[in-house]
Structure formats: structure tokens, C-alpha cells
$ cat start-v4.csv   # CSV, C-alpha atoms and all ligand atoms
chain,number,residue,atom,x,y,z
E,1,ASN,CA,82.4,84.1,-111.6
E,2,ASP,CA,85.1,81.7,-110.4
E,3,LYS,CA,85.9,83.4,-107.0
E,4,SER,CA,85.4,81.3,-103.9
E,5,LEU,CA,82.0,81.6,-102.3
E,6,ILE,CA,81.3,82.9,-98.8
E,7,VAL,CA,77.9,82.0,-97.5
E,8,SER,CA,76.4,84.0,-94.7
E,9,PHE,CA,73.5,82.4,-92.8
E,10,GLY,CA,71.0,84.1,-90.5
E,11,GLU,CA,69.0,87.2,-90.2
E,12,MET,CA,68.1,90.2,-92.3
E,13,LEU,CA,65.7,92.8,-90.9
E,14,ILE,CA,64.8,96.5,-90.9
E,15,ASP,CA,66.3,98.7,-88.1
E,16,PHE,CA,64.2,101.7,-87.2
E,17,VAL,CA,66.5,104.4,-85.9
E,18,PRO,CA,65.3,107.6,-84.3
E,19,THR,CA,65.6,110.7,-86.5
E,20,VAL,CA,67.4,112.5,-83.7
E,21,SER,CA,70.3,111.2,-81.6
E,22,GLY,CA,70.4,110.5,-77.9
E,23,VAL,CA,66.7,109.8,-77.2
E,24,SER,CA,64.9,106.8,-75.8
E,25,LEU,CA,62.5,104.9,-78.1
E,26,ALA,CA,59.5,106.5,-76.4
E,27,GLU,CA,60.8,110.0,-76.9
E,28,ALA,CA,61.7,109.5,-80.6
E,29,PRO,CA,59.9,112.0,-82.8
E,30,GLY,CA,60.2,109.7,-85.8
E,31,PHE,CA,62.2,106.8,-87.2
E,32,LEU,CA,64.4,106.3,-90.3
E,33,LYS,CA,64.4,102.8,-91.7
E,34,ALA,CA,67.8,101.1,-92.3
E,35,PRO,CA,68.4,97.6,-93.7
E,36,GLY,CA,70.4,95.5,-91.3
E,37,GLY,CA,70.8,92.1,-89.6
E,38,ALA,CA,74.2,90.6,-88.9
E,39,ALA,CA,74.3,87.9,-91.6
E,40,ALA,CA,73.1,90.2,-94.3
E,41,ASN,CA,75.6,92.8,-93.2
E,42,VAL,CA,78.5,90.3,-93.5
E,43,ALA,CA,77.3,89.1,-97.0
E,44,ILE,CA,77.1,92.7,-98.3
E,45,ALA,CA,80.5,93.6,-96.6
E,46,VAL,CA,82.1,90.8,-98.6
E,47,ALA,CA,80.4,91.6,-101.9
E,48,ARG,CA,81.2,95.3,-101.6
E,49,LEU,CA,84.9,94.5,-101.1
E,50,GLY,CA,84.8,92.5,-104.3
E,51,GLY,CA,84.3,89.0,-102.9
E,52,LYS,CA,81.6,86.4,-103.9
E,53,ALA,CA,78.9,86.2,-101.2
E,54,ALA,CA,75.5,84.5,-100.7
E,55,PHE,CA,72.9,85.2,-98.0
E,56,VAL,CA,70.8,82.3,-96.7
E,57,GLY,CA,67.8,83.2,-94.6
E,58,LYS,CA,64.1,83.9,-94.6
E,59,LEU,CA,62.1,87.1,-95.2
E,60,GLY,CA,58.4,87.9,-95.0
E,61,ASP,CA,56.5,87.9,-98.3
E,62,ASP,CA,55.7,91.6,-97.6
E,63,GLU,CA,56.9,95.0,-98.7
E,64,PHE,CA,59.9,95.0,-96.3
E,65,GLY,CA,61.0,91.5,-97.3
E,66,HIS,CA,61.0,92.3,-101.0
E,67,MET,CA,62.8,95.6,-100.3
E,68,LEU,CA,65.5,93.7,-98.4
E,69,ALA,CA,65.9,91.1,-101.1
E,70,GLY,CA,66.3,93.9,-103.6
E,71,ILE,CA,69.1,95.4,-101.5
E,72,LEU,CA,71.0,92.1,-101.5
E,73,LYS,CA,70.7,91.9,-105.2
E,74,GLU,CA,71.7,95.5,-105.8
E,75,ASN,CA,74.9,94.7,-103.8
E,76,ASP,CA,75.6,91.6,-105.9
E,77,VAL,CA,74.9,89.2,-103.2
E,78,ILE,CA,73.7,85.8,-104.5
E,79,ALA,CA,70.0,85.5,-103.6
E,80,SER,CA,69.2,81.8,-104.3
E,81,GLY,CA,69.3,81.0,-100.6
E,82,ILE,CA,66.5,83.4,-99.7
E,83,ASN,CA,63.1,82.0,-98.8
E,84,PHE,CA,59.9,84.0,-98.3
E,85,ASP,CA,57.4,83.0,-95.6
E,86,LYS,CA,53.8,83.2,-96.7
E,87,GLY,CA,52.4,83.9,-93.3
E,88,ALA,CA,54.9,85.7,-91.0
E,89,ARG,CA,56.2,89.2,-91.5
E,90,THR,CA,59.8,90.4,-91.9
E,91,ALA,CA,61.6,91.1,-88.6
E,92,LEU,CA,61.8,94.7,-87.4
E,93,ALA,CA,64.0,96.2,-84.8
E,94,PHE,CA,63.7,99.6,-83.1
E,95,VAL,CA,67.1,100.6,-81.9
E,96,THR,CA,68.4,103.7,-80.1
E,97,LEU,CA,71.5,104.9,-78.4
E,98,ARG,CA,70.1,106.9,-75.4
E,99,ALA,CA,71.8,110.0,-73.9
E,100,ASP,CA,73.0,107.8,-71.0
E,101,GLY,CA,75.0,105.7,-73.5
E,102,GLU,CA,72.8,102.6,-73.2
E,103,ARG,CA,71.4,100.9,-76.3
E,104,GLU,CA,67.7,100.3,-76.2
E,105,PHE,CA,66.1,97.6,-78.4
E,106,MET,CA,62.6,96.6,-79.2
E,107,PHE,CA,61.8,93.9,-81.7
E,108,TYR,CA,58.9,92.8,-83.8
E,109,ARG,CA,59.4,89.0,-83.7
E,110,ASN,CA,56.3,87.1,-82.7
E,111,PRO,CA,57.5,85.2,-84.6
E,112,SER,CA,59.1,86.9,-87.6
E,113,ALA,CA,59.8,85.2,-90.9
E,114,ASP,CA,63.5,84.8,-90.2
E,115,MET,CA,62.7,82.5,-87.2
E,116,LEU,CA,60.6,80.2,-89.4
E,117,LEU,CA,63.2,78.9,-91.8
E,118,ARG,CA,62.9,75.1,-91.9
E,119,PRO,CA,65.7,72.6,-92.7
E,120,GLU,CA,63.9,71.3,-95.7
E,121,GLU,CA,63.8,74.8,-97.2
E,122,LEU,CA,67.6,75.2,-97.3
E,123,ASN,CA,69.3,75.5,-100.7
E,124,LEU,CA,71.8,72.7,-100.0
E,125,GLU,CA,73.5,73.0,-103.3
E,126,LEU,CA,74.4,76.6,-102.6
E,127,ILE,CA,75.6,75.7,-99.0
E,128,ARG,CA,77.7,72.8,-100.3
E,129,SER,CA,79.5,75.1,-102.7
E,130,ALA,CA,80.6,77.4,-99.9
E,131,LYS,CA,84.3,77.7,-99.2
E,132,VAL,CA,83.5,79.7,-96.0
E,133,PHE,CA,80.3,79.3,-94.1
E,134,HIS,CA,79.5,82.2,-91.7
E,135,TYR,CA,76.8,82.1,-89.1
E,136,GLY,CA,75.6,83.5,-85.8
E,137,SER,CA,73.0,85.6,-84.1
E,138,ILE,CA,69.4,84.8,-83.4
E,139,SER,CA,68.9,81.7,-85.5
E,140,LEU,CA,69.9,79.4,-82.6
E,141,ILE,CA,67.2,80.7,-80.3
E,142,VAL,CA,64.0,79.1,-81.4
E,143,GLU,CA,62.7,76.3,-83.7
E,144,PRO,CA,62.4,75.7,-86.5
E,145,CYS,CA,65.3,78.0,-87.6
E,146,ARG,CA,67.5,76.4,-84.9
E,147,SER,CA,67.3,73.1,-86.7
E,148,ALA,CA,67.8,74.8,-90.1
E,149,HIS,CA,70.9,76.5,-88.6
E,150,LEU,CA,72.4,73.2,-87.3
E,151,GLU,CA,71.6,71.4,-90.5
E,152,ALA,CA,73.2,74.1,-92.7
E,153,MET,CA,76.3,74.1,-90.5
E,154,LYS,CA,76.6,70.3,-90.8
E,155,VAL,CA,76.2,70.3,-94.6
E,156,ALA,CA,78.8,73.1,-95.0
E,157,LYS,CA,81.3,71.4,-92.8
E,158,ARG,CA,80.9,68.0,-94.5
E,159,ALA,CA,81.5,69.7,-97.8
E,160,GLY,CA,84.7,71.1,-96.5
E,161,ALA,CA,83.9,74.7,-95.7
E,162,LEU,CA,85.7,76.7,-93.2
E,163,LEU,CA,83.2,77.5,-90.4
E,164,SER,CA,83.1,81.1,-89.1
E,165,TYR,CA,81.0,82.0,-86.0
E,166,ASP,CA,80.0,85.3,-84.5
E,167,PRO,CA,77.6,84.7,-81.6
E,168,ASN,CA,76.2,88.2,-81.9
E,169,LEU,CA,74.7,87.9,-78.5
E,170,ARG,CA,71.3,89.5,-78.2
E,171,LEU,CA,70.6,88.8,-74.6
E,172,PRO,CA,67.0,90.3,-74.5
E,173,LEU,CA,65.9,87.7,-77.2
E,174,TRP,CA,67.0,84.7,-75.2
E,175,PRO,CA,64.7,83.1,-72.6
E,176,SER,CA,67.5,83.5,-70.0
E,177,ALA,CA,71.2,84.3,-69.8
E,178,GLU,CA,72.0,80.7,-68.7
E,179,GLU,CA,70.4,79.3,-71.8
E,180,ALA,CA,72.2,81.8,-74.1
E,181,ARG,CA,75.6,80.9,-72.6
E,182,GLU,CA,74.8,77.2,-72.7
E,183,GLN,CA,73.6,77.2,-76.4
E,184,ILE,CA,76.4,79.4,-77.7
E,185,LEU,CA,79.1,77.3,-76.0
E,186,LYS,CA,77.4,74.1,-77.3
E,187,ILE,CA,78.1,75.0,-80.9
E,188,TRP,CA,81.3,76.8,-80.0
E,189,ASP,CA,83.6,73.8,-80.6
E,190,GLU,CA,82.4,73.3,-84.2
E,191,ALA,CA,83.9,76.5,-85.6
E,192,ASP,CA,87.3,77.1,-87.2
E,193,VAL,CA,87.2,80.9,-86.8
E,194,ILE,CA,85.4,82.7,-84.0
E,195,LYS,CA,84.9,86.4,-83.5
E,196,VAL,CA,83.5,87.8,-80.2
E,197,SER,CA,83.4,91.3,-78.8
E,198,ASP,CA,84.9,92.1,-75.5
E,199,VAL,CA,81.4,92.3,-74.0
E,200,GLU,CA,80.6,88.8,-75.3
E,201,LEU,CA,83.9,87.5,-74.0
E,202,GLU,CA,82.9,88.8,-70.5
E,203,PHE,CA,79.5,87.2,-70.8
E,204,LEU,CA,80.7,83.8,-72.0
E,205,THR,CA,83.5,83.5,-69.5
E,206,GLY,CA,81.7,85.0,-66.6
E,207,SER,CA,84.8,87.0,-65.8
E,208,ASP,CA,85.0,90.8,-65.8
E,209,LYS,CA,88.8,90.6,-66.6
E,210,ILE,CA,89.3,90.8,-70.3
E,211,ASP,CA,92.8,89.5,-70.6
E,212,ASP,CA,94.6,86.8,-72.6
E,213,GLU,CA,94.2,84.3,-69.8
E,214,THR,CA,90.4,84.8,-69.8
E,215,ALA,CA,90.2,84.6,-73.6
E,216,LEU,CA,92.2,81.4,-73.7
E,217,THR,CA,89.7,79.6,-71.4
E,218,LEU,CA,87.5,79.7,-74.6
E,219,TRP,CA,90.2,78.3,-76.9
E,220,ARG,CA,89.6,74.9,-78.4
E,221,PRO,CA,92.2,72.7,-79.9
E,222,ASN,CA,90.5,72.6,-83.4
E,223,PHE,CA,90.3,76.4,-83.6
E,224,LYS,CA,92.3,78.2,-86.3
E,225,LEU,CA,91.7,81.7,-85.1
E,226,LEU,CA,89.9,83.4,-82.2
E,227,LEU,CA,89.3,87.1,-82.5
E,228,VAL,CA,88.2,89.5,-79.8
E,229,THR,CA,87.1,92.9,-81.1
E,230,LEU,CA,87.7,95.9,-78.8
E,231,GLY,CA,85.9,98.7,-80.5
E,232,GLU,CA,88.2,101.8,-80.6
E,233,ASN,CA,91.0,99.7,-79.3
E,234,GLY,CA,91.2,97.4,-82.3
E,235,CYS,CA,91.3,93.6,-81.9
E,236,LYS,CA,93.1,90.8,-80.3
E,237,TYR,CA,93.9,87.5,-82.1
E,238,TYR,CA,94.8,84.0,-80.9
E,239,THR,CA,96.0,81.5,-83.4
E,240,LYS,CA,98.1,78.4,-83.7
E,241,LEU,CA,100.8,76.6,-85.6
E,242,LEU,CA,100.6,73.1,-86.8
E,243,PHE,CA,103.5,70.7,-86.2
E,244,TYR,CA,103.9,67.6,-88.2
E,245,LEU,CA,105.5,64.9,-86.0
E,246,PRO,CA,106.6,61.6,-87.5
E,247,THR,CA,105.0,58.5,-85.9
E,248,THR,CA,106.3,55.0,-85.7
E,249,HIS,CA,104.1,53.9,-88.7
E,250,ARG,CA,105.9,54.4,-91.9
E,251,LEU,CA,104.7,57.2,-94.1
E,252,LYS,CA,102.2,58.4,-91.5
E,253,VAL,CA,102.5,61.7,-89.7
E,254,ARG,CA,100.7,62.9,-86.7
E,255,VAL,CA,99.6,66.5,-86.7
E,256,THR,CA,99.8,68.3,-83.4
E,257,SER,CA,98.6,71.8,-82.9
E,258,PHE,CA,99.8,74.4,-80.4
E,259,LEU,CA,98.5,77.8,-79.6
E,260,ALA,CA,101.2,79.7,-81.3
E,261,PHE,CA,100.9,83.4,-81.2
E,262,HIS,CA,98.6,86.1,-80.0
E,263,GLY,CA,98.7,89.9,-80.0
E,264,THR,CA,96.8,93.1,-80.6
E,265,VAL,CA,96.2,95.1,-83.8
E,266,ASP,CA,95.4,98.8,-83.1
E,267,ALA,CA,92.3,100.5,-84.5
E,268,PHE,CA,92.3,103.5,-86.8
E,269,HIS,CA,91.3,106.9,-85.4
E,270,VAL,CA,88.2,108.0,-87.2
E,271,LYS,CA,85.2,110.3,-86.5
E,272,THR,CA,82.8,107.7,-85.1
E,273,ILE,CA,79.1,108.5,-85.5
E,274,ASP,CA,77.3,105.1,-85.2
E,275,THR,CA,79.1,101.8,-84.5
E,276,THR,CA,76.2,99.6,-85.9
E,277,GLY,CA,77.6,97.0,-88.2
E,278,ALA,CA,81.3,97.5,-87.3
E,279,GLY,CA,81.8,94.0,-86.2
E,280,ASP,CA,80.1,92.6,-89.3
E,281,SER,CA,82.2,94.7,-91.5
E,282,PHE,CA,85.3,93.6,-89.7
E,283,ILE,CA,84.6,89.8,-90.0
E,284,GLY,CA,83.4,90.2,-93.6
E,285,ALA,CA,86.7,91.8,-94.5
E,286,LEU,CA,88.7,89.1,-92.8
E,287,LEU,CA,86.8,86.3,-94.5
E,288,CYS,CA,87.3,88.0,-97.9
E,289,LYS,CA,91.1,87.9,-97.3
E,290,ILE,CA,91.3,84.3,-96.1
E,291,VAL,CA,88.7,82.5,-98.4
E,292,ASP,CA,91.3,81.7,-101.0
E,293,ASP,CA,94.3,81.0,-98.8
E,294,GLN,CA,93.9,79.8,-95.3
E,295,SER,CA,97.6,79.4,-94.8
E,296,VAL,CA,97.6,83.1,-93.8
E,297,LEU,CA,96.1,82.0,-90.5
E,298,GLU,CA,99.4,80.4,-89.6
E,299,ASP,CA,101.6,83.3,-90.8
E,300,GLU,CA,101.7,86.0,-88.2
E,301,PRO,CA,102.9,89.0,-90.3
E,302,LYS,CA,100.3,88.2,-93.0
E,303,LEU,CA,97.6,87.7,-90.4
E,304,ARG,CA,98.4,91.1,-88.8
E,305,GLU,CA,98.2,92.7,-92.2
E,306,ILE,CA,94.8,91.2,-92.8
E,307,LEU,CA,93.6,92.3,-89.3
E,308,ARG,CA,94.8,95.8,-90.0
E,309,PHE,CA,92.6,95.7,-93.2
E,310,ALA,CA,89.6,94.4,-91.1
E,311,ASN,CA,90.1,97.1,-88.5
E,312,ALA,CA,90.1,99.7,-91.3
E,313,CYS,CA,86.8,98.3,-92.6
E,314,GLY,CA,85.3,98.3,-89.1
E,315,ALA,CA,86.5,101.9,-88.5
E,316,ILE,CA,85.0,103.2,-91.8
E,317,THR,CA,81.6,101.6,-90.9
E,318,THR,CA,81.5,103.7,-87.7
E,319,THR,CA,81.8,106.9,-89.6
E,320,LYS,CA,78.3,106.7,-91.2
E,321,LYS,CA,74.8,106.0,-89.8
E,322,GLY,CA,73.4,102.5,-90.2
E,323,ALA,CA,75.1,99.3,-91.1
E,324,ILE,CA,74.6,98.5,-94.8
E,325,PRO,CA,75.0,102.0,-96.1
E,326,ALA,CA,78.2,102.4,-94.1
E,327,LEU,CA,80.0,99.2,-95.4
E,328,PRO,CA,83.2,100.3,-97.2
E,329,SER,CA,84.3,100.1,-100.8
E,330,PRO,CA,87.8,99.0,-101.6
E,331,ASP,CA,88.7,102.6,-102.5
E,332,GLU,CA,87.6,103.9,-99.1
E,333,VAL,CA,89.7,101.2,-97.3
E,334,HIS,CA,92.7,101.9,-99.5
E,335,LYS,CA,92.5,105.6,-98.6
E,336,LEU,CA,92.4,104.9,-94.8
E,337,LEU,CA,95.2,102.3,-95.0
E,338,ASN,CA,97.5,104.7,-96.8
E,339,ALA,CA,96.5,107.9,-94.9
E,401,LIG,P1,81.0,94.6,-82.5
E,401,LIG,O1,80.3,95.5,-83.5
E,401,LIG,O2,80.9,93.2,-82.9
E,401,LIG,O3,80.6,95.0,-81.1
E,401,LIG,P2,83.3,96.3,-82.3
E,401,LIG,O4,82.5,97.4,-81.9
E,401,LIG,O5,84.4,95.9,-81.4
E,401,LIG,O6,82.5,95.0,-82.7
E,401,LIG,O7,84.0,96.7,-83.7
E,401,LIG,C1,84.6,95.8,-84.6
E,401,LIG,C2,85.8,96.5,-85.1
E,401,LIG,O8,85.5,97.7,-85.8
E,401,LIG,C3,86.9,96.8,-84.1
E,401,LIG,O9,87.7,95.7,-83.8
E,401,LIG,C4,87.6,98.0,-84.7
E,401,LIG,O10,88.6,97.6,-85.6
E,401,LIG,C5,86.5,98.7,-85.5
E,401,LIG,N1,85.9,99.8,-84.6
E,401,LIG,C6,84.8,99.7,-83.9
E,401,LIG,N2,84.6,100.9,-83.2
E,401,LIG,C7,85.5,101.7,-83.6
E,401,LIG,C8,85.9,103.1,-83.3
E,401,LIG,N3,85.1,103.8,-82.4
E,401,LIG,N4,87.0,103.6,-83.9
E,401,LIG,C9,87.7,102.9,-84.7
E,401,LIG,N5,87.5,101.6,-85.0
E,401,LIG,C10,86.4,101.0,-84.5
$ encode --input "start-v4.csv" --output "C-alpha cells"
Amino acid sequence: NDKSLIVSFGEMLIDFVPTVSGVSLAEAPGFLKAPGGAAANVAIAVARLGGKAAFVGKLGDDEFGHMLAGILKENDVIASGINFDKGARTALAFVTLRADGEREFMFYRNPSADMLLRPEELNLELIRSAKVFHYGSISLIVEPCRSAHLEAMKVAKRAGALLSYDPNLRLPLWPSAEEAREQILKIWDEADVIKVSDVELEFLTGSDKIDDETALTLWRPNFKLLLVTLGENGCKYYTKLLFYLPTTHRLKVRVTSFLAFHGTVDAFHVKTIDTTGAGDSFIGALLCKIVDDQSVLEDEPKLREILRFANACGAITTTKKGAIPALPSPDEVHKLLNA
């Protein structure tokens, strides 16, 4: 179809979630398997809302890998950017929310197929056709997927795509907190749109005060939008206006940007069961709304309307277990927006 393409680059895996709530992994009587992984969640979020999405990443050539590829196809996500690794297996995560409110993770990644994507395996034609290129999460941590990540970003940017970055900090997977902060901030400047959670903001700035002043230490002059998600408190946005100033050279104008406006858009009140995937649903919804008209990023009333839509998508995702099964359809969003 002729809709503009959103490419989501990174991981797809199986989450094993305990069959009962509020137990540690060791206490779980059994596990349910749920497809997930930040990049895949975003691609499916976009497709379910009626957008055109592709997933780029690597899966194991095993039962789980083929099951995941099938889920992408069932959800109308373009699959021509998927590679299968002949040797390594699909990544697995065991995740629980314990009774004390802490999330506990355990990963099968030694190494898993997603970490073995090589630059020469990238479908460059697909990446070049992206109007928006979204990335984040674990693909920066180790080689060779780190090189593949950097190459894909470069190719997309050169072809004119808007770059959207969600660091999806998974601290236990990094060798150290210092390295995580350093690597994330190293590619920070390249993005046009950035989404972080309040927890990530705290980690990246090293400050425990989550206010505008702290957020703005992370602002870069080339950013078009910085978003901080606040769970049940909605989200904050920081954006800018462009000013066209005449220069002394005839016919030439100089473009100057200023941080123009920022504010908060409240969340929706819903019955939250499991917040997995809320952030991915939120950013997928936003990308869907800006892919064809980026001028909305400089129009505050329109931007607030879009963020209200994204908050609704995030909220709905928390009302069901798992990430992918909980991503909303346009009808569900419409209902919540007009409730
Ligand atoms: P992340 O999953 O990246 O940590 P958040 O948990 O902040 O991100 O969720 C992303 C968005 O989803 C929020 O900005 C909000 O709009 C919505 N959301 C998340 N949790 C809730 C909740 N408990 N109630 C209503 N909306 C929520």
C-alpha cells in the first residue's frame, strides 16, 4: 500500500510470565509464554492502528523464532527485514512482578539470535524506504548487533528518515551502569524524537529530581521532540519552534531553533493489570500520527491531541496481560478517547 513506512529495529523474544501473580521466579508454579520485545511491540502497535510497519531483527531458526515471525505476519507487519540465525536460539526472558513490587528478570541470551545480527545481513532497501526509523533496547550492548544497529541508523538517516529512539534501559544486561549511560548518551544526539521513562531520565541524568530543568539537561539543539513517560501520570513533552532569520546573503535564510514549549498531558484512568508494553504502545501510536506530517511536532494543540491519543494507547495496553496481546485496535482507542 502507499502509506508511509515505519521501520522498527531491534529485539523480539518470548516472555515467560508466571501463571500466578506476585511471586518470585523461583516460586512460580508454571509459566505462560507471551511474545514480546520492544521493537516488535512497536511494529505491531503501528500495524494494529492501521499504519504500515516493518520489523528488522534476528530470530533463532527454531520453534520460537518461527512462531514469532508468524505473529508479526498475522499482525500485518512486513517481515522482509527478519533474519534467522542457523546456530543460536531465539531470546527468552523470564519476568515477574514480585509481591514487593519489584520486577525480576532472567534472560536466555548467551548469546541469543537477536544479538548476532550482522551489518551485511541488513535489508538495506527496506531500511532506505523508511519514513520513520525507530530503534532502542539491547542491540547496542554487544557485537555484532551493535554494528548492525549503527549501520541501519546511518542508512535510514541518510535516506531522510526521522529517527526515533527509546533507550529501553535494561540495566542487568549491560556490563556496568557507567557503560550503559555512556553508550546511550553517545547515540543520543543522532535522534529526532526521543522517548524515555521517568526512571530512565533519573538514570541518565544522575539526578533524583524529575523536573523540567533536569529533563532539559538532556535536550539537544537538533531534537524535534523529547518525551518523558510518567506511567499513571501521563507524559511530558519538550519541543521547539523553528525561526527563519534572513541573513546578509541574498535569498539565503538561516534556520534557528529554540526550545519552544513544554507541558504535561494527563493519563487515562483505567484498571491496570500489567504495564508490560505500555511505553511501546505509546511510542508506536505517536509515530503513526506523525509519519505523514511532521509539522504537527511544531504545533502545540495538535501535538497535545496526538499525545492524548498515545496516552490512551498506553493506558489500554495496561488493562490486559502481556504486551502484544494488549496492543489496542483503533476501535478500542476511539472508545476510551470518547468515554
Ligand atoms: P514505559 O513502559 O516505557 O516504562 P510508562 O509505564 O510510563 O512507559 O507508560 C507509557 C504510557 O502508557 C504512559 O505515558 C501513560 O500514558 C500510559 N500508562 C502507563 N501506565 C499507566 C497506568 N497505570 N494508567 C494509565 N496509563 C498508563
$ residues_near_ligand --input "start-v4.csv" --ligand "ligand LIG 401 (chain E)" --cutoff "6 Å" --atoms "only C-alpha atoms and all ligand atoms" --output "PyMOL selection string"
chain E and resi 197+229-232+234-235+267-270+272+275+277-279+282+311+314-315
$ residues_around --input "start-v4.csv" --residues "Leu97 in chain E" --least-positions-apart "3" --cutoff "8 Å" --atoms "all atoms listed in the file" --output "list in words"
Ser21, Gly22, Val23, Ser24, Gly101, Glu102, Arg103 and Glu104 of chain E
$ closest_residue --input "start-v4.csv" --among "E:Arg181, E:Lys289, E:Arg170, E:His262" --to "Ala38 in chain E" --atoms "only C-alpha atoms"
E:Arg170
$ closest_residue --input "start-v4.csv" --among "E:Leu337, E:Ile273, E:Val56, E:Ala39" --to "Glu121 in chain E" --atoms "only C-alpha atoms"
E:Val56
$ closest_residue --input "start-v4.csv" --among "E:Pro29, E:Gly51, E:Pro18, E:Gly65" --to "Asp2 in chain E" --atoms "all atoms listed in the file"
E:Gly51
$ closest_atom_pairs --input "start-v4.csv" --of "range 189-308 of chain E" --to "range 125-147 of chain E" --cutoff "9 Å" --atoms "only C-alpha atoms" --output "CSV"
residue,atom,partner,partner_atom,distance
E:Leu287,CA,E:Val132,CA,7.5
E:Val291,CA,E:Val132,CA,6.4
E:Asp292,CA,E:Lys131,CA,8.3
$ residues_around --input "start-v4.csv" --residues "range 321-323 of chain E" --least-positions-apart "4" --cutoff "10 Å" --atoms "only C-alpha atoms" --output "MDAnalysis selection string"
chainID E and resid 15:17 32:38 40:42 44:45 272:281 317 327
$ residues_around --input "start-v4.csv" --residues "Cys288 in chain E" --least-positions-apart "6" --cutoff "9 Å" --atoms "all atoms listed in the file" --output "list in words"
Ile6, Ala45, Val46, Ala47, Leu49, Gly50, Gly51 and Lys52 of chain E
$ residues_around --input "start-v4.csv" --residues "Leu171 in chain E" --least-positions-apart "5" --cutoff "8 Å" --atoms "only C-alpha atoms" --output "ChimeraX atom specification"
/E:176-177,180
$ residues_around --input "start-v4.csv" --residues "Pro328 in chain E" --least-positions-apart "5" --cutoff "7 Å" --atoms "only C-alpha atoms" --output "list in words"
Arg48, Cys313, Ile316, Thr317 and Val333 of chain E
$ closest_residue --input "start-v4.csv" --among "E:Trp174, E:Val77, E:Arg308, E:Val20" --to "Arg98 in chain E" --atoms "all atoms listed in the file"
E:Val20
$ atom_distance --input "start-v4.csv" --atom1 "CA of Leu185 in chain E" --atom2 "CA of Leu169 in chain E"
11.7 Å
$ atom_distance --input "start-v4.csv" --atom1 "CA of Glu332 in chain E" --atom2 "CA of Met12 in chain E"
24.8 Å
$ closest_residue --input "start-v4.csv" --among "E:Phe31, E:Tyr165, E:Phe203, E:Tyr108" --to "Met153 in chain E" --atoms "all atoms listed in the file"
E:Tyr165
$ closest_residue --input "start-v4.csv" --among "E:Ile71, E:Leu116, E:Leu226, E:Leu124" --to "Leu59 in chain E" --atoms "only C-alpha atoms"
E:Leu116
$ atom_distance --input "start-v4.csv" --atom1 "CA of Lys236 in chain E" --atom2 "CA of Asp212 in chain E"
8.8 Å
$ decode --input "start-v4.csv" --residues "range 314-333 of chain E" --atoms "N, CA and C atoms" --output "PDB file, in the first residue's frame"
ATOM      1  N   GLY E 314      -1.337   3.702  25.452  1.00  0.00           N
ATOM      2  CA  GLY E 314      -0.543   3.183  26.579  1.00  0.00           C
ATOM      3  C   GLY E 314      -1.462   2.646  27.665  1.00  0.00           C
ATOM      4  N   ALA E 315      -2.494   3.393  28.000  1.00  0.00           N
ATOM      5  CA  ALA E 315      -3.409   3.002  29.082  1.00  0.00           C
ATOM      6  C   ALA E 315      -4.102   1.681  28.761  1.00  0.00           C
ATOM      7  N   ILE E 316      -4.608   1.543  27.533  1.00  0.00           N
ATOM      8  CA  ILE E 316      -5.315   0.304  27.155  1.00  0.00           C
ATOM      9  C   ILE E 316      -4.379  -0.898  27.277  1.00  0.00           C
ATOM     10  N   THR E 317      -3.114  -0.694  26.903  1.00  0.00           N
ATOM     11  CA  THR E 317      -2.147  -1.788  26.956  1.00  0.00           C
ATOM     12  C   THR E 317      -1.936  -2.289  28.388  1.00  0.00           C
ATOM     13  N   THR E 318      -2.203  -1.449  29.391  1.00  0.00           N
ATOM     14  CA  THR E 318      -2.011  -1.891  30.785  1.00  0.00           C
ATOM     15  C   THR E 318      -3.220  -2.675  31.316  1.00  0.00           C
ATOM     16  N   THR E 319      -4.306  -2.732  30.523  1.00  0.00           N
ATOM     17  CA  THR E 319      -5.515  -3.389  31.044  1.00  0.00           C
ATOM     18  C   THR E 319      -5.566  -4.884  30.729  1.00  0.00           C
ATOM     19  N   LYS E 320      -4.563  -5.375  29.980  1.00  0.00           N
ATOM     20  CA  LYS E 320      -4.507  -6.805  29.674  1.00  0.00           C
ATOM     21  C   LYS E 320      -3.115  -7.327  29.947  1.00  0.00           C
ATOM     22  N   LYS E 321      -3.004  -8.642  30.189  1.00  0.00           N
ATOM     23  CA  LYS E 321      -1.694  -9.251  30.432  1.00  0.00           C
ATOM     24  C   LYS E 321      -0.858  -9.314  29.162  1.00  0.00           C
ATOM     25  N   GLY E 322       0.458  -9.135  29.297  1.00  0.00           N
ATOM     26  CA  GLY E 322       1.362  -9.255  28.157  1.00  0.00           C
ATOM     27  C   GLY E 322       1.406  -7.975  27.352  1.00  0.00           C
ATOM     28  N   ALA E 323       2.323  -7.938  26.378  1.00  0.00           N
ATOM     29  CA  ALA E 323       2.476  -6.734  25.554  1.00  0.00           C
ATOM     30  C   ALA E 323       1.672  -6.854  24.268  1.00  0.00           C
ATOM     31  N   ILE E 324       2.060  -7.755  23.403  1.00  0.00           N
ATOM     32  CA  ILE E 324       1.453  -7.843  22.065  1.00  0.00           C
ATOM     33  C   ILE E 324      -0.064  -8.121  22.123  1.00  0.00           C
ATOM     34  N   PRO E 325      -0.503  -9.045  22.979  1.00  0.00           N
ATOM     35  CA  PRO E 325      -1.960  -9.271  23.016  1.00  0.00           C
ATOM     36  C   PRO E 325      -2.729  -8.037  23.504  1.00  0.00           C
ATOM     37  N   ALA E 326      -2.051  -7.131  24.192  1.00  0.00           N
ATOM     38  CA  ALA E 326      -2.744  -5.989  24.809  1.00  0.00           C
ATOM     39  C   ALA E 326      -2.693  -4.720  23.964  1.00  0.00           C
ATOM     40  N   LEU E 327      -2.005  -4.747  22.830  1.00  0.00           N
ATOM     41  CA  LEU E 327      -1.910  -3.536  21.992  1.00  0.00           C
ATOM     42  C   LEU E 327      -3.275  -3.229  21.380  1.00  0.00           C
ATOM     43  N   PRO E 328      -3.710  -1.971  21.414  1.00  0.00           N
ATOM     44  CA  PRO E 328      -5.103  -1.658  21.064  1.00  0.00           C
ATOM     45  C   PRO E 328      -5.399  -1.572  19.570  1.00  0.00           C
ATOM     46  N   SER E 329      -6.671  -1.779  19.263  1.00  0.00           N
ATOM     47  CA  SER E 329      -7.200  -1.542  17.920  1.00  0.00           C
ATOM     48  C   SER E 329      -7.746  -0.113  17.882  1.00  0.00           C
ATOM     49  N   PRO E 330      -7.925   0.457  16.682  1.00  0.00           N
ATOM     50  CA  PRO E 330      -8.464   1.815  16.591  1.00  0.00           C
ATOM     51  C   PRO E 330      -9.802   1.953  17.325  1.00  0.00           C
ATOM     52  N   ASP E 331     -10.646   0.914  17.276  1.00  0.00           N
ATOM     53  CA  ASP E 331     -11.957   0.962  17.951  1.00  0.00           C
ATOM     54  C   ASP E 331     -11.817   1.134  19.455  1.00  0.00           C
ATOM     55  N   GLU E 332     -10.907   0.359  20.047  1.00  0.00           N
ATOM     56  CA  GLU E 332     -10.694   0.460  21.497  1.00  0.00           C
ATOM     57  C   GLU E 332     -10.220   1.855  21.886  1.00  0.00           C
ATOM     58  N   VAL E 333      -9.334   2.422  21.066  1.00  0.00           N
ATOM     59  CA  VAL E 333      -8.803   3.758  21.389  1.00  0.00           C
ATOM     60  C   VAL E 333      -9.921   4.792  21.260  1.00  0.00           C
TER      61      VAL E 333
END
